[in-house]
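Quick look at start_26.cif (mmCIF, C-alpha atoms):
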data_data
loop_
_atom_site.label_atom_id
_atom_site.label_comp_id
_atom_site.auth_asym_id
_atom_site.auth_seq_id
_atom_site.Cartn_x
_atom_site.Cartn_y
_atom_site.Cartn_z
CA MET A 1 75.80 134.26 140.78
CA ALA A 2 78.66 132.68 138.88
CA LYS A 3 78.46 132.69 135.14
CA ALA A 4 78.50 129.22 133.58
CA THR A 5 81.30 128.56 131.15
CA TYR A 6 81.14 125.98 128.42
CA PRO A 7 84.00 124.44 126.51
CA THR A 8 84.35 125.84 123.04
CA ARG A 9 85.73 122.58 121.64
CA PHE A 10 85.06 118.94 122.24
CA GLN A 11 87.80 117.05 124.01
CA HIS A 12 89.89 114.94 121.65
CA LEU A 13 90.03 111.24 122.45
CA THR A 14 93.47 109.79 122.98
CA ALA A 15 94.71 106.70 121.16
CA ALA A 16 94.36 104.80 124.45
CA GLN A 17 90.71 105.88 124.79
CA GLN A 18 90.08 104.83 121.18
CA LEU A 19 91.66 101.43 121.88
CA VAL A 20 89.40 100.85 124.90
CA ALA A 21 86.33 101.82 122.87
CA LEU A 22 87.34 99.37 120.12
CA GLN A 23 87.93 96.61 122.69
CA LEU A 24 84.46 97.17 124.17
CA SER A 25 82.62 97.39 120.85
CA PRO A 26 80.79 94.24 119.71
CA ALA A 27 80.75 95.64 116.15
CA CYS A 28 84.48 95.16 115.66
CA SER A 29 85.78 92.51 117.99
CA GLY A 30 89.39 91.93 117.15
CA HIS A 31 92.80 92.66 118.55
CA GLY A 32 95.13 95.56 118.59
CA SER A 33 98.04 97.31 120.15
CA LEU A 34 99.11 100.72 121.31
CA TYR A 35 102.70 101.88 121.18
CA CYS A 36 103.96 105.45 121.50
CA GLY A 37 100.61 106.96 120.54
CA LEU A 38 100.08 104.66 117.53
CA LEU A 39 96.99 102.48 117.70
CA THR A 40 96.64 99.45 115.43
CA TRP A 41 93.41 97.43 115.40
CA ASP A 42 92.62 94.36 113.25
CA PHE A 43 89.09 93.00 112.91
CA VAL A 44 86.95 90.96 110.54
CA ALA A 45 84.01 92.64 108.81
CA GLN A 46 81.20 91.09 106.79
CA PRO A 47 78.83 93.60 105.17
CA THR A 48 75.95 91.11 104.70
CA PRO A 49 75.35 87.50 105.76
CA LEU A 50 76.03 86.42 102.15
CA SER A 51 79.23 88.47 101.83
CA ARG A 52 82.78 87.26 102.17
CA GLN A 53 84.69 88.22 105.27
CA TYR A 54 87.32 90.95 105.13
CA LEU A 55 90.24 91.52 107.46
CA LEU A 56 90.51 95.27 108.06
CA ARG A 57 93.25 97.18 109.86
CA ILE A 58 92.72 100.56 111.50
CA THR A 59 95.75 102.67 112.30
CA PHE A 60 95.45 105.84 114.31
CA ARG A 61 98.28 108.07 115.41
CA GLN A 62 97.23 110.37 118.18
CA GLY A 63 96.57 113.83 116.78
CA ASP A 64 96.00 112.55 113.23
CA VAL A 65 93.06 110.88 111.50
CA PRO A 66 92.39 107.14 111.40
CA GLN A 67 93.31 105.17 108.32
CA ILE A 68 91.72 101.89 107.36
CA HIS A 69 93.24 99.30 105.07
CA ALA A 70 91.74 96.13 103.64
CA ILE A 71 94.30 93.41 104.39
CA GLU A 72 92.53 90.24 103.19
CA PRO A 73 91.30 89.35 100.69
CA ASP A 74 93.31 91.44 98.25
CA LEU A 75 90.75 93.90 96.84
CA LYS A 76 92.90 94.55 93.75
CA LEU A 77 92.81 90.85 92.97
CA LEU A 78 89.02 90.79 93.37
CA ALA A 79 88.73 93.83 91.08
CA GLY A 80 90.68 92.18 88.29
CA ASP A 81 92.09 94.75 85.88
CA ARG A 82 89.87 97.57 87.18
CA PRO A 83 91.26 100.26 89.49
CA LEU A 84 89.61 100.24 92.90
CA PRO A 85 86.98 102.95 93.33
CA HIS A 86 86.86 105.40 96.19
CA VAL A 87 90.22 104.67 97.82
CA TYR A 88 93.20 106.76 98.86
CA ALA A 89 95.64 104.01 97.89
CA GLN A 90 95.29 101.01 95.62
CA GLN A 91 97.77 98.64 97.28
CA PRO A 92 97.15 97.93 100.04
CA ALA A 93 93.67 99.32 99.61
CA ARG A 94 93.18 102.35 101.89
CA LEU A 95 89.47 103.01 102.07
CA CYS A 96 88.06 106.49 101.52
CA LEU A 97 85.35 106.78 104.16
CA TYR A 98 84.91 110.53 104.53
CA LEU A 99 86.33 113.81 103.35
CA PRO A 100 89.09 114.70 105.83
CA ALA A 101 88.68 118.45 105.31
CA GLY A 102 84.95 118.15 105.98
CA GLU A 103 83.23 117.89 109.31
CA GLU A 104 82.10 114.25 109.13
CA TRP A 105 84.73 113.01 111.57
CA ASN A 106 86.74 114.73 114.28
CA ARG A 107 89.05 113.52 117.04
CA SER A 108 86.33 113.70 119.68
CA MET A 109 84.44 110.88 117.92
CA LYS A 110 84.94 107.22 118.69
CA ILE A 111 86.45 105.23 115.84
CA SER A 112 84.29 102.28 116.89
CA ASP A 113 81.10 104.33 116.38
CA THR A 114 82.07 106.02 113.11
CA ILE A 115 84.98 104.60 111.13
CA VAL A 116 84.03 100.96 111.76
CA PRO A 117 80.42 101.16 110.49
CA TRP A 118 81.51 103.39 107.60
CA ALA A 119 84.09 100.76 106.59
CA VAL A 120 81.48 98.01 106.65
CA LEU A 121 79.19 100.17 104.51
CA TRP A 122 82.10 100.84 102.12
CA LEU A 123 82.56 97.06 101.75
CA TYR A 124 78.86 96.70 100.94
CA TYR A 125 79.19 99.22 98.11
CA PHE A 126 82.46 97.60 97.01
CA GLU A 127 80.74 94.24 96.59
CA ASP A 128 77.97 95.93 94.62
CA TRP A 129 80.62 97.63 92.45
CA LEU A 130 82.26 94.26 91.77
CA ALA A 131 78.96 93.04 90.31
CA THR A 132 77.78 96.20 88.51
CA ASP A 133 80.96 98.19 87.79
CA GLU A 134 79.16 101.27 89.19
CA TRP A 135 80.13 102.90 92.50
CA LYS A 136 76.85 103.70 94.29
CA GLY A 137 78.38 104.74 97.61
CA GLY A 138 78.54 108.42 96.75
CA GLY A 139 81.19 110.74 98.10
CA LYS A 140 84.00 112.65 96.50
CA HIS A 141 86.75 110.58 94.97
CA PRO A 142 90.35 111.54 95.77
CA ASP A 143 92.39 112.39 92.66
CA LEU A 144 95.21 109.86 92.59
CA ASN A 145 96.27 110.57 89.02
CA ASN A 146 97.98 113.92 89.38
CA GLY A 147 101.06 112.57 91.16
CA LYS A 148 101.13 115.41 93.68
CA ARG A 149 100.53 115.22 97.37
CA LYS A 150 97.44 116.98 98.55
CA LYS A 151 97.42 118.39 102.05
CA ASN A 152 94.73 119.80 104.23
CA SER A 153 94.40 120.59 107.90
CA PHE A 154 93.45 117.06 108.93
CA ASN A 155 95.31 114.56 106.80
CA ARG A 156 97.84 113.79 104.15
CA TRP A 157 96.51 112.16 100.98
CA ARG A 158 99.16 110.19 99.23
CA ARG A 159 99.50 108.82 95.77
CA ASP A 160 100.64 105.29 96.55
#
So, in terms of structure tokens, how does the structure I just supplied come out?
Amino acid sequence: MAKATYPTRFQHLTAAQQLVALQLSPACSGHGSLYCGLLTWDFVAQPTPLSRQYLLRITFRQGDVPQIHAIEPDLKLLAGDRPLPHVYAQQPARLCLYLPAGEEWNRSMKISDTIVPWAVLWLYYFEDWLATDEWKGGGKHPDLNNGKRKKNSFNRWRRD
């Protein structure tokens, strides 16, 4: 009897597979492109029925981690003189959705099923922060004040 073998790792999704999943997802209907392994996807998110609408852009280079930026409205302008909480970059705002060195996201996961809902949840906590000046979304905040680049096995954090 043949011994069953099981893969030791999940298969990584390609940028093309991620694009198809985004196109099929009702949670993030929008438009995007794929060129030389770089996926770009723009969609409108609204965290609650009473919230404003936000234009978000996902970029994903095959073999890297997805990045999500808030394009409109300008979150810095909404924040006034306060620095944005829980972001990798202030301008344009690059949302911090998970710890890249952790195990919350990996390349076998669909962006449409993970990054998109996490971004909408981030916007919910952002709107609460605008009103209360307290970040209630939890998580670890990247240190953007030390001026050095931090690297780990999944991503490059930049001080922008």
All residues 10 Å or closer to Gly32 (chain A), all atoms listed in the file, same chain fewer than 5 positions away omitted, as a PyMOL selection string = chain A and resi 19+22-23+39-43+57-59
Those same residues - C-alpha atoms - I'd like them written as a PDB file, keeping the file's coordinate frame.
ATOM      1  CA  LEU A  19      91.660 101.430 121.880  1.00  0.00           C
ATOM      2  CA  LEU A  22      87.340  99.370 120.120  1.00  0.00           C
ATOM      3  CA  GLN A  23      87.930  96.610 122.690  1.00  0.00           C
ATOM      4  CA  LEU A  39      96.990 102.480 117.700  1.00  0.00           C
ATOM      5  CA  THR A  40      96.640  99.450 115.430  1.00  0.00           C
ATOM      6  CA  TRP A  41      93.410  97.430 115.400  1.00  0.00           C
ATOM      7  CA  ASP A  42      92.620  94.360 113.250  1.00  0.00           C
ATOM      8  CA  PHE A  43      89.090  93.000 112.910  1.00  0.00           C
ATOM      9  CA  ARG A  57      93.250  97.180 109.860  1.00  0.00           C
ATOM     10  CA  ILE A  58      92.720 100.560 111.500  1.00  0.00           C
ATOM     11  CA  THR A  59      95.750 102.670 112.300  1.00  0.00           C
TER      12      THR A  59
END
Step by step, work through what the PyMOL selection byres ((chain A and resi 104) around 12) selects in the shown file, and finish by giving those residues as a ChimeraX atom specification.
-> /A:65,97-103,105-109,114-115,118,139,154
Run the PyMOL selection byres ((chain A and resi 48) around 10) mentally over the shown coordinates, then write out the matched residues as a VMD selection string, using the chain letters and numbers from the document.
-> chain A and resid 45 to 47 49 to 53 120 to 121 123 to 124 127
Exactly which residues make up the result of the PyMOL selection byres ((chain A and resi 93) around 10) on this file, given as a list in words?
->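 Matching residues under the PyMOL selection byres ((chain A and resi 93) around 10) are Leu56, Ile68, His69, Ala70, Ile71, Glu72, Asp74, Leu75, Lys76, Leu84, Pro85, His86, Val87, Tyr88, Ala89, Gln90, Gln91, Pro92, Arg94, Leu95, Cys96 and Asp160 of chain A.
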How many Å lie between CA of Ala16 (chain A) and CA of Trp122 (chain A), rounded to one decimal?
-> 25.8 Å
